[in-house]
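Colleague: My questions will all concern the structure given below.
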Amino acid sequence: MSYAVYYNQAERIIEVKVQGNVAKEDVKEIFHQWLQIAKEQECFSVLYDWREATLSRLSTMDIYELPRILAKMVIPLGIRPARLRRAVVTSENEDEDKARFAETVTANVGQVAKFFHDMDAARKWLDQN
């Protein structure tokens with residue numbers, strides 16, 4: 001698994017590009033990286049490009065736990081979890097049920113995440129929110 005995280009100043013979003021087979025520990029590491037940028041830039045919109053990633057190593061329990069883990073990570077940084085807006089772009093081969101479940105459990109802890117297959121639609125959604 002490899003990833004790159006950077007701040008897109010023109011669009012005022014944090015972009016995360018992920019490739020390879022992703023596990024829960026990888027996601028936690030990615031959270032840590034973009035949270036540092038979020039705090040420095042006061043930017044809370046994140047665009048994940050997971051089109052070249054495989055999420056099969058993430059179990060249903062992992063997906064359930066990740067929004068809670070993120071909440072625990074942001075509070076010490078002085079960031080309210082509800083301020084975070086995440087657009088996640090996946091390949092069309094990814095499991096739609098997992099995506100909907102992730103959206104639901106994220107909303108249940110007061111955060112916002114939406115899954116897309118189209119990068120432009122994801123950018124537009126972030127721009128409107």
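Simple scheme: letters A, B, ... for chains in structure tokens order, numbers from 1 for residues in each chain, numbers from 1 for ligands in the order shown.
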Just the alpha helix (DSSP H) stuff from chain A, please, per backbone DSSP, written as a PyMOL selection string.
Modeller: chain A and resi 24-41+60-74+96-108+119-128
Colleague: If DSSP is run on the backbone, what residues of stretch 3-128 of chain A are strand (DSSP E)? A reply as a ChimeraX atom specification would be ideal.
Modeller: /A:3-8,13-21,45-54,85-90,112-116
Colleague: Print the selection's residues with N, CA and C atoms to a file, as a compact mmCIF listing (two decimals), in the first residue's frame.
Modeller:
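After the write, result.txt holds the following:
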# COMPACT_ATOMS: atom_id res chain seq x y z
N TYR A 3 0.68 5.75 -0.44
CA TYR A 3 -0.24 6.88 -0.46
C TYR A 3 0.55 8.19 -0.50
N ALA A 4 -0.14 9.23 -0.94
CA ALA A 4 0.41 10.58 -0.94
C ALA A 4 -0.67 11.51 -0.40
N VAL A 5 -0.26 12.45 0.42
CA VAL A 5 -1.18 13.43 1.01
C VAL A 5 -0.63 14.82 0.72
N TYR A 6 -1.48 15.70 0.20
CA TYR A 6 -1.02 17.07 -0.01
C TYR A 6 -2.19 18.04 0.08
N TYR A 7 -1.82 19.28 0.32
CA TYR A 7 -2.81 20.35 0.42
C TYR A 7 -2.94 21.03 -0.93
N ASN A 8 -4.15 21.04 -1.47
CA ASN A 8 -4.45 21.71 -2.73
C ASN A 8 -4.92 23.12 -2.38
N ILE A 13 -8.56 22.13 -0.36
CA ILE A 13 -8.88 20.78 0.09
C ILE A 13 -7.59 20.00 0.30
N ILE A 14 -7.68 19.00 1.13
CA ILE A 14 -6.58 18.06 1.32
C ILE A 14 -6.86 16.87 0.41
N GLU A 15 -5.87 16.50 -0.37
CA GLU A 15 -6.05 15.37 -1.28
C GLU A 15 -5.20 14.20 -0.83
N VAL A 16 -5.81 13.02 -0.87
CA VAL A 16 -5.15 11.79 -0.46
C VAL A 16 -5.30 10.78 -1.59
N LYS A 17 -4.19 10.35 -2.15
CA LYS A 17 -4.22 9.32 -3.20
C LYS A 17 -3.65 8.03 -2.62
N VAL A 18 -4.43 6.96 -2.72
CA VAL A 18 -4.07 5.68 -2.11
C VAL A 18 -4.02 4.62 -3.20
N GLN A 19 -2.99 3.77 -3.13
CA GLN A 19 -2.85 2.66 -4.07
C GLN A 19 -2.54 1.39 -3.29
N GLY A 20 -3.02 0.26 -3.81
CA GLY A 20 -2.71 -1.02 -3.20
C GLY A 20 -3.78 -1.50 -2.23
N ASN A 21 -3.44 -2.55 -1.50
CA ASN A 21 -4.37 -3.19 -0.59
C ASN A 21 -4.32 -2.51 0.77
N SER A 45 -11.78 19.80 4.60
CA SER A 45 -12.34 19.07 3.46
C SER A 45 -11.27 18.17 2.88
N VAL A 46 -11.59 16.88 2.78
CA VAL A 46 -10.61 15.89 2.34
C VAL A 46 -11.18 15.12 1.16
N LEU A 47 -10.37 15.01 0.11
CA LEU A 47 -10.74 14.25 -1.07
C LEU A 47 -9.83 13.02 -1.14
N TYR A 48 -10.41 11.85 -0.97
CA TYR A 48 -9.67 10.60 -1.08
C TYR A 48 -9.83 10.05 -2.49
N ASP A 49 -8.72 9.74 -3.12
CA ASP A 49 -8.74 9.03 -4.40
C ASP A 49 -8.30 7.59 -4.12
N TRP A 50 -9.28 6.71 -4.01
CA TRP A 50 -9.03 5.31 -3.71
C TRP A 50 -9.31 4.45 -4.93
N ARG A 51 -9.31 5.05 -6.11
CA ARG A 51 -9.64 4.29 -7.32
C ARG A 51 -8.63 3.19 -7.61
N GLU A 52 -7.39 3.35 -7.15
CA GLU A 52 -6.37 2.33 -7.37
C GLU A 52 -6.08 1.53 -6.10
N ALA A 53 -6.97 1.65 -5.13
CA ALA A 53 -6.82 0.92 -3.86
C ALA A 53 -7.82 -0.23 -3.80
N THR A 54 -7.47 -1.22 -3.01
CA THR A 54 -8.35 -2.35 -2.76
C THR A 54 -8.70 -2.34 -1.28
N ARG A 85 -15.22 17.05 6.42
CA ARG A 85 -16.00 16.66 5.24
C ARG A 85 -15.09 15.81 4.37
N ARG A 86 -15.49 14.56 4.12
CA ARG A 86 -14.66 13.65 3.35
C ARG A 86 -15.41 13.10 2.16
N ALA A 87 -14.82 13.27 1.00
CA ALA A 87 -15.34 12.66 -0.23
C ALA A 87 -14.37 11.55 -0.60
N VAL A 88 -14.92 10.37 -0.81
CA VAL A 88 -14.10 9.20 -1.08
C VAL A 88 -14.46 8.67 -2.47
N VAL A 89 -13.49 8.69 -3.37
CA VAL A 89 -13.72 8.20 -4.73
C VAL A 89 -13.10 6.81 -4.84
N THR A 90 -13.95 5.83 -5.16
CA THR A 90 -13.49 4.45 -5.29
C THR A 90 -13.73 3.97 -6.72
N VAL A 112 -19.20 13.64 8.43
CA VAL A 112 -19.78 13.57 7.09
C VAL A 112 -18.77 12.95 6.13
N ALA A 113 -19.20 11.90 5.44
CA ALA A 113 -18.40 11.27 4.39
C ALA A 113 -19.36 10.79 3.32
N LYS A 114 -18.94 10.94 2.08
CA LYS A 114 -19.76 10.48 0.96
C LYS A 114 -18.85 9.78 -0.03
N PHE A 115 -19.35 8.68 -0.59
CA PHE A 115 -18.58 7.88 -1.54
C PHE A 115 -19.06 8.16 -2.95
N PHE A 116 -18.09 8.17 -3.86
CA PHE A 116 -18.35 8.46 -5.28
C PHE A 116 -17.53 7.52 -6.14
Colleague: What's around A:Ser59 at 9 Å? Count only C-alpha atoms, leave out sequence neighbours fewer than 5 positions away in its own chain, and write the answer as a list in words.
Modeller: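 My list of contacting residues is Ala23, Lys24 and Tyr64 of chain A.
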Colleague: Please produce an output containing C-alpha atoms for each residue in the selection, written as a PDB file, in the first residue's frame.
Modeller:
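Dumped everything to selection-v4.pdb:
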ATOM      1  CA  ALA A  23      -5.784  -2.284   5.983  1.00  0.00           C
ATOM      2  CA  LYS A  24      -7.140  -0.547   9.090  1.00  0.00           C
ATOM      3  CA  TYR A  64     -17.467   0.643  11.950  1.00  0.00           C
TER       4      TYR A  64
END
